[in-house]
file input.cif (mmCIF, C-alpha atoms)
data_final
loop_
_atom_site.label_atom_id
_atom_site.label_comp_id
_atom_site.auth_asym_id
_atom_site.auth_seq_id
_atom_site.Cartn_x
_atom_site.Cartn_y
_atom_site.Cartn_z
CA MET A 517 54.71 53.79 121.67
CA ASN A 518 51.23 54.05 120.14
CA GLU A 519 49.80 51.02 118.39
CA PRO A 520 49.56 51.36 114.59
CA ILE A 521 46.22 52.05 112.93
CA ARG A 522 45.11 48.68 111.57
CA ILE A 523 43.30 48.94 108.23
CA VAL A 524 41.36 46.58 105.96
CA LEU A 525 40.95 47.54 102.30
CA VAL A 526 37.96 46.56 100.15
CA ASP A 527 38.08 47.35 96.43
CA ASP A 528 37.29 45.09 93.49
CA HIS A 529 40.24 46.53 91.56
CA CYS A 530 43.34 44.63 92.61
CA LEU A 531 45.63 47.36 91.32
CA CYS A 532 43.93 49.92 93.54
CA ARG A 533 44.28 47.70 96.62
CA ARG A 534 47.96 47.15 95.88
CA GLY A 535 48.55 50.86 95.39
CA LEU A 536 46.82 51.74 98.66
CA THR A 537 48.67 48.99 100.50
CA GLU A 538 51.99 50.35 99.26
CA LEU A 539 50.98 53.89 100.19
CA PHE A 540 49.97 52.99 103.75
CA ASP A 541 52.83 50.58 104.34
CA HIS A 542 55.22 53.49 103.79
CA CYS A 543 53.42 55.55 106.44
CA TYR A 544 54.53 55.40 110.05
CA GLY A 545 51.80 54.17 112.37
CA ILE A 546 49.53 52.60 109.73
CA SER A 547 49.32 48.89 108.97
CA VAL A 548 47.20 47.15 106.31
CA VAL A 549 46.05 43.89 107.92
CA GLY A 550 43.70 42.64 105.22
CA GLY A 551 42.18 43.31 101.85
CA THR A 552 39.73 41.82 99.39
CA GLY A 553 37.62 42.53 96.35
CA ASN A 554 35.08 39.87 97.28
CA ALA A 555 32.12 41.15 99.33
CA THR A 556 31.48 37.73 100.89
CA GLU A 557 34.93 37.78 102.49
CA VAL A 558 34.60 41.19 104.15
CA ILE A 559 32.67 40.33 107.32
CA PRO A 560 34.83 37.24 108.09
CA ILE A 561 37.97 39.38 107.66
CA LEU A 562 36.57 42.05 109.99
CA GLU A 563 35.67 39.43 112.58
CA ALA A 564 39.12 37.84 112.37
CA GLN A 565 41.25 41.00 112.26
CA ARG A 566 39.19 43.49 114.29
CA PRO A 567 40.74 46.45 112.42
CA ASP A 568 40.57 50.07 113.50
CA LEU A 569 39.22 51.15 110.12
CA LEU A 570 37.70 49.66 106.97
CA ILE A 571 38.35 51.60 103.76
CA MET A 572 36.19 50.62 100.82
CA ASP A 573 35.02 51.66 97.37
CA LEU A 574 31.39 52.23 96.37
CA ARG A 575 31.38 51.12 92.74
CA MET A 576 31.98 47.39 93.08
CA GLU A 577 30.55 44.30 91.43
CA PRO A 578 28.45 42.31 92.07
CA VAL A 579 27.75 43.93 95.48
CA ASP A 580 28.02 47.73 95.61
CA GLY A 581 29.59 49.50 98.56
CA LEU A 582 26.37 50.89 100.03
CA THR A 583 24.76 47.45 100.06
CA LEU A 584 27.90 46.01 101.64
CA LEU A 585 27.98 48.75 104.28
CA ASP A 586 24.35 47.97 105.11
CA GLN A 587 25.20 44.25 105.42
CA ILE A 588 28.15 45.02 107.69
CA ARG A 589 26.02 47.09 110.04
CA LYS A 590 23.22 44.51 110.12
CA SER A 591 25.79 41.85 111.03
CA GLY A 592 26.48 43.75 114.24
CA CYS A 593 30.01 44.74 113.24
CA ASP A 594 30.84 48.27 114.43
CA THR A 595 34.19 48.75 112.67
CA PRO A 596 34.45 52.39 111.52
CA VAL A 597 34.13 52.67 107.74
CA ALA A 598 35.61 55.23 105.36
CA ILE A 599 34.51 55.42 101.73
CA LEU A 600 37.23 55.97 99.11
CA THR A 601 35.62 56.36 95.71
CA MET A 602 35.52 58.22 92.39
CA SER A 603 31.88 59.20 92.99
CA ASP A 604 31.32 62.83 93.93
CA SER A 605 27.53 62.31 93.98
CA GLU A 606 25.70 64.03 96.81
CA SER A 607 23.28 61.10 96.84
CA ASP A 608 26.11 58.61 97.41
CA LEU A 609 27.52 60.84 100.16
CA ALA A 610 24.11 61.15 101.84
CA ASN A 611 23.44 57.41 101.70
CA ALA A 612 26.90 56.59 103.04
CA MET A 613 26.41 59.01 105.94
CA ARG A 614 22.98 57.55 106.71
CA LEU A 615 24.55 54.11 106.87
CA GLY A 616 27.14 55.32 109.35
CA ALA A 617 30.26 55.97 107.25
CA LYS A 618 32.84 57.99 109.21
CA GLY A 619 34.56 59.41 106.14
CA TYR A 620 34.00 60.05 102.45
CA LEU A 621 37.19 60.47 100.41
CA LEU A 622 37.78 60.78 96.68
CA LYS A 623 40.35 58.79 94.72
CA ASP A 624 41.64 61.92 92.99
CA MET A 625 42.83 63.39 96.30
CA ASP A 626 46.57 63.78 96.81
CA PRO A 627 48.03 60.67 98.51
CA GLU A 628 49.27 62.68 101.51
CA ASP A 629 45.77 64.13 101.96
CA VAL A 630 44.28 60.62 101.93
CA VAL A 631 46.76 59.51 104.60
CA SER A 632 46.02 62.56 106.74
CA ALA A 633 42.27 61.98 106.40
CA VAL A 634 42.63 58.32 107.35
CA ARG A 635 44.51 59.26 110.52
CA ARG A 636 41.80 61.76 111.46
CA ILE A 637 38.98 59.27 110.78
CA ALA A 638 40.75 56.62 112.85
CA SER A 639 40.98 59.14 115.72
CA GLY A 640 37.20 59.59 115.66
CA GLU A 641 36.67 62.58 113.36
CA LEU A 642 34.09 62.72 110.59
CA VAL A 643 36.08 63.62 107.46
CA VAL A 644 34.98 64.27 103.88
CA ALA A 645 37.00 65.25 100.84
CA PRO A 646 37.27 69.04 100.45
CA ALA A 647 35.31 68.80 97.18
CA MET A 648 32.42 67.23 99.11
CA THR A 649 32.22 69.80 101.96
CA MET A 650 29.36 71.85 100.51
CA LYS A 651 27.47 68.68 99.62
CA LEU A 652 27.85 67.48 103.20
CA MET A 653 26.48 70.80 104.47
CA ASN A 654 23.52 70.50 102.08
CA PHE A 655 22.89 66.97 103.33
CA LEU A 656 23.06 67.99 106.98
CA GLN A 657 20.73 70.96 106.47
CA HIS A 658 18.29 68.86 104.47
CA GLY A 659 18.51 66.07 107.03
CA GLN A 660 17.67 68.45 109.89
CA GLN A 661 14.62 69.71 108.02
CA ASP A 662 13.52 66.18 107.15
CA HIS A 663 14.05 65.02 110.73
CA HIS A 664 11.76 67.77 112.04
CA VAL A 665 9.08 66.94 109.47
CA ARG A 666 9.31 63.21 110.15
CA LYS A 667 9.27 63.72 113.91
CA ASN A 668 5.99 65.58 113.53
CA SER A 669 4.76 62.82 111.23
CA LEU A 670 5.22 60.18 113.95
CA GLU A 671 1.78 61.07 115.26
CA LEU A 672 0.38 59.79 111.96
CA LEU A 673 1.61 56.27 112.72
CA THR A 674 -0.68 53.76 114.34
CA GLU A 675 0.38 51.97 117.51
CA ARG A 676 1.19 48.85 115.48
CA GLU A 677 3.27 50.87 113.00
CA ARG A 678 5.24 52.42 115.85
CA GLU A 679 5.85 48.95 117.23
CA ILE A 680 7.12 47.73 113.86
CA LEU A 681 9.31 50.83 113.55
CA GLN A 682 11.04 49.79 116.77
CA HIS A 683 11.74 46.37 115.27
CA LEU A 684 13.12 48.01 112.11
CA ALA A 685 15.47 49.99 114.34
CA ARG A 686 16.90 46.66 115.53
CA GLY A 687 17.53 45.64 111.92
CA GLU A 688 15.02 42.78 111.99
CA SER A 689 13.70 41.31 108.74
CA ASN A 690 10.01 41.20 107.87
CA LYS A 691 9.97 37.47 108.60
CA VAL A 692 11.41 37.95 112.07
CA ILE A 693 8.99 40.78 112.82
CA ALA A 694 6.05 38.68 111.64
CA ARG A 695 7.08 35.77 113.86
CA THR A 696 7.70 38.01 116.89
CA LEU A 697 4.38 39.84 116.59
CA ASP A 698 2.46 36.74 115.48
CA ILE A 699 1.15 38.39 112.32
CA SER A 700 1.53 37.47 108.67
CA TYR A 701 4.54 38.35 106.54
CA ASP A 702 2.30 40.24 104.09
CA THR A 703 0.82 42.27 106.95
CA VAL A 704 4.30 43.35 108.02
CA LYS A 705 5.14 44.34 104.45
CA GLN A 706 2.00 46.45 104.29
CA HIS A 707 2.80 48.16 107.60
CA VAL A 708 6.35 48.91 106.44
CA ARG A 709 5.02 50.47 103.23
CA HIS A 710 2.68 52.66 105.28
CA ILE A 711 5.54 53.71 107.60
CA LEU A 712 7.76 54.72 104.68
CA PHE A 713 4.93 56.65 103.04
CA LYS A 714 3.91 58.52 106.19
CA LEU A 715 7.48 59.42 107.16
CA LYS A 716 8.47 60.23 103.55
CA LEU A 717 11.33 57.72 103.61
CA ALA A 718 12.78 55.82 100.67
CA SER A 719 13.77 52.54 102.33
CA ARG A 720 13.57 50.44 105.49
CA VAL A 721 17.22 51.33 106.12
CA GLU A 722 16.29 55.02 106.33
CA ALA A 723 13.40 54.08 108.60
CA ALA A 724 15.77 52.18 110.89
CA VAL A 725 18.22 55.11 111.01
CA PHE A 726 15.39 57.53 111.78
CA ALA A 727 14.03 55.27 114.54
CA VAL A 728 17.47 54.91 116.14
CA GLU A 729 17.90 58.70 116.08
CA GLN A 730 14.49 59.12 117.69
CA ARG A 731 15.33 56.58 120.35
CA ALA A 732 18.62 58.38 121.07
CA ASN A 733 16.84 61.73 121.36
CA GLU A 734 13.82 60.60 123.34
CA GLY A 735 14.90 57.35 124.96
CA ARG A 736 12.58 55.31 122.76
CA VAL A 737 10.03 55.62 119.96
CA SER A 738 7.09 56.50 122.14
CA SER A 739 3.69 54.93 121.83
CA PRO A 740 0.77 57.24 121.09
CA SER A 741 -1.03 58.60 124.11
CA HIS A 742 -4.56 57.44 124.77
#
call {"tool": "encode", "arguments": {"input": "input.cif", "output": "C-alpha cells"}}
result
Amino acid sequence: MNEPIRIVLVDDHCLCRRGLTELFDHCYGISVVGGTGNATEVIPILEAQRPDLLIMDLRMEPVDGLTLLDQIRKSGCDTPVAILTMSDSESDLANAMRLGAKGYLLKDMDPEDVVSAVRRIASGELVVAPAMTMKLMNFLQHGQQDHHVRKNSLELLTEREREILQHLARGESNKVIARTLDISYDTVKQHVRHILFKLKLASRVEAAVFAVEQRANEGRVSSPSH
C-alpha cells in the first residue's frame, strides 16, 4: 500500500488551518503532519517532519509568504511548496514561480479541486488554479523573452560581476561574498546593483534564479573570453 502524502500547513489564520486539516484528514492517502501560523516555526517543522508537501498562504503577518518561501529555499530545504491564497495577482504568481513554488491554488476553489491539485503537485506536477492559467502562460512567455534578453546582457557584465553572480546563485549574503573575495561589503553592494541594472532584474533573488538557470543550461556562468 502506498504511503500517505504527508503535508504541513502554514497559514496565520487558525480557522483556515483547522478547516484544511479537517478536509485532508477525510481524504484517503493524505495526512497533515504539522501546521503553524508562526513563520519562525516553519523551518524547524520541515526539518523534523520531512513532509512531502508544504502548503502555505501568501498574505501573512509579520512575514509574508514570498519572504518565507525565500527563507526556506536559502535554508537549503527542498520540500515542495504549494501556495494556497486569495491573491489572484499575476505578480504574486510570477514571484512564487521564480522562488520555486510547485503549485498556486486559490482559496475559492472547490474543496475537491484543491484535494485533486494537491495530489498532482505531490506527484511532481506543476499545478495552478484554473483562474490563473492565462496568467501563468503570460508569465512563462514573458520569462522566456526576458531570459533571452538577459542572456545577451551577460556580455555586459565584468569578470568580477560574473564572479559575484555565481556567489548569488549559491544564495550567499553580501557579507559572505565580501569575505570570500576579500573585498569590502560596500564594493559587493555596488557590484550587485550593477548586476541588477545590467540584467534588468528587480532583486538579488531574481539574479540568483537567473544564474542558476544559466548554470543549468550552460554548465556554469561562463567567464568572458579574453
call {"tool": "residues_around", "arguments": {"input": "input.cif", "residues": "region 719-723 of chain A", "least_positions_apart": "6", "cutoff": "9 Å", "atoms": "only C-alpha atoms", "output": "PyMOL selection string"}}
result
chain A and resi 586+611+614-615+681+684-685+687+708-709+711-712
call {"tool": "residues_around", "arguments": {"input": "input.cif", "residues": "Arg534 (chain A)", "least_positions_apart": "4", "cutoff": "12 Å", "atoms": "all atoms listed in the file", "output": "JSON, numbers by chain"}}
result
{"A": [525, 526, 527, 528, 529, 530, 538, 539, 540, 541, 548, 550, 551, 552, 553]}
call {"tool": "residues_around", "arguments": {"input": "input.cif", "residues": "Leu600 (chain A)", "least_positions_apart": "2", "cutoff": "8 Å", "atoms": "all atoms listed in the file", "output": "MDAnalysis selection string"}}
result
chainID A and resid 571:574 598 602 620:623
call {"tool": "residues_near_point", "arguments": {"input": "input.cif", "point": "(24.0, 46.9, 106.0)", "cutoff": "12 Å", "atoms": "only C-alpha atoms", "output": "number ranges by chain"}}
result
A: 555, 559, 579-594, 597, 611-612, 614-617, 686-688, 720-722, 724-725
call {"tool": "atom_distance", "arguments": {"input": "input.cif", "atom1": "CA of His710 (chain A)", "atom2": "CA of Leu673 (chain A)"}}
result
8.3 Å
call {"tool": "atom_distance", "arguments": {"input": "input.cif", "atom1": "CA of Val643 (chain A)", "atom2": "CA of Leu569 (chain A)"}}
result
13.1 Å
call {"tool": "closest_residue", "arguments": {"input": "input.cif", "among": "A:Val631, A:Ile546, A:Ala647, A:Cys532", "to": "Pro520 (chain A)", "atoms": "all atoms listed in the file"}}
result
A:Ile546
call {"tool": "atom_distance", "arguments": {"input": "input.cif", "atom1": "CA of Glu606 (chain A)", "atom2": "CA of Ala638 (chain A)"}}
result
23.2 Å
call {"tool": "resolve_selection", "arguments": {"input": "input.cif", "expression": "the PyMOL selection byres ((chain A and resi 644) around 12)", "output": "PyMOL selection string"}}
result
chain A and resi 598-601+604+606+609-610+612-613+617-623+625+629-630+632-634+636-637+641-643+645-653
call {"tool": "closest_residue", "arguments": {"input": "input.cif", "among": "A:Arg575, A:Leu536, A:Ile523, A:Thr703", "to": "Ser605 (chain A)", "atoms": "only C-alpha atoms"}}
result
A:Arg575
call {"tool": "resolve_selection", "arguments": {"input": "input.cif", "expression": "the PyMOL selection byres ((chain A and resi 568) around 9)", "output": "ChimeraX atom specification"}}
result
/A:521-524,566-567,569-570,595-596,638
call {"tool": "decode", "arguments": {"input": "input.cif", "residues": "region 591-615 of chain A", "atoms": "N, CA and C atoms", "output": "CSV table (one decimal), in the first residue's frame"}}
result
chain,number,residue,atom,x,y,z
A,591,SER,N,17.6,28.3,3.3
A,591,SER,CA,18.0,27.4,4.4
A,591,SER,C,18.5,26.0,3.8
A,592,GLY,N,18.3,25.8,2.5
A,592,GLY,CA,18.7,24.5,2.0
A,592,GLY,C,17.6,23.5,1.9
A,593,CYS,N,16.4,23.8,2.5
A,593,CYS,CA,15.3,22.9,2.5
A,593,CYS,C,14.7,22.8,1.1
A,594,ASP,N,14.5,21.6,0.6
A,594,ASP,CA,13.9,21.4,-0.8
A,594,ASP,C,12.5,20.8,-0.8
A,595,THR,N,11.8,20.9,0.3
A,595,THR,CA,10.4,20.5,0.4
A,595,THR,C,9.6,21.2,-0.7
A,596,PRO,N,8.9,20.4,-1.5
A,596,PRO,CA,8.0,21.1,-2.5
A,596,PRO,C,7.0,22.0,-1.8
A,597,VAL,N,6.7,23.1,-2.4
A,597,VAL,CA,5.8,24.1,-1.8
A,597,VAL,C,4.6,24.5,-2.7
A,598,ALA,N,3.4,24.4,-2.2
A,598,ALA,CA,2.2,24.9,-2.9
A,598,ALA,C,1.7,26.1,-2.2
A,599,ILE,N,1.3,27.1,-3.0
A,599,ILE,CA,0.7,28.3,-2.5
A,599,ILE,C,-0.8,28.1,-2.5
A,600,LEU,N,-1.5,28.4,-1.4
A,600,LEU,CA,-2.9,28.4,-1.3
A,600,LEU,C,-3.4,29.8,-0.8
A,601,THR,N,-3.9,30.6,-1.6
A,601,THR,CA,-4.1,32.0,-1.3
A,601,THR,C,-5.4,32.6,-1.9
A,602,MET,N,-5.8,33.8,-1.4
A,602,MET,CA,-6.9,34.6,-2.0
A,602,MET,C,-6.4,35.4,-3.2
A,603,SER,N,-5.0,35.6,-3.3
A,603,SER,CA,-4.5,36.5,-4.3
A,603,SER,C,-4.5,35.9,-5.7
A,604,ASP,N,-5.1,36.6,-6.6
A,604,ASP,CA,-5.1,36.2,-8.0
A,604,ASP,C,-4.2,37.1,-8.8
A,605,SER,N,-3.2,37.7,-8.1
A,605,SER,CA,-2.3,38.7,-8.8
A,605,SER,C,-1.3,37.9,-9.6
A,606,GLU,N,-1.1,38.4,-10.9
A,606,GLU,CA,-0.1,37.8,-11.7
A,606,GLU,C,1.3,38.0,-11.1
A,607,SER,N,1.5,39.1,-10.5
A,607,SER,CA,2.8,39.4,-9.9
A,607,SER,C,3.1,38.4,-8.8
A,608,ASP,N,2.1,38.1,-7.9
A,608,ASP,CA,2.3,37.1,-6.9
A,608,ASP,C,2.6,35.7,-7.5
A,609,LEU,N,1.8,35.4,-8.5
A,609,LEU,CA,2.1,34.1,-9.2
A,609,LEU,C,3.5,34.0,-9.7
A,610,ALA,N,3.9,35.1,-10.4
A,610,ALA,CA,5.2,35.1,-11.0
A,610,ALA,C,6.3,35.0,-10.0
A,611,ASN,N,6.2,35.8,-8.9
A,611,ASN,CA,7.2,35.7,-7.8
A,611,ASN,C,7.3,34.4,-7.2
A,612,ALA,N,6.1,33.7,-7.0
A,612,ALA,CA,6.1,32.4,-6.4
A,612,ALA,C,6.7,31.4,-7.3
A,613,MET,N,6.5,31.5,-8.6
A,613,MET,CA,7.1,30.6,-9.5
A,613,MET,C,8.6,30.8,-9.5
A,614,ARG,N,9.1,32.0,-9.5
A,614,ARG,CA,10.5,32.3,-9.5
A,614,ARG,C,11.2,31.7,-8.3
A,615,LEU,N,10.5,31.7,-7.2
A,615,LEU,CA,11.0,31.2,-6.0
A,615,LEU,C,10.9,29.7,-5.8
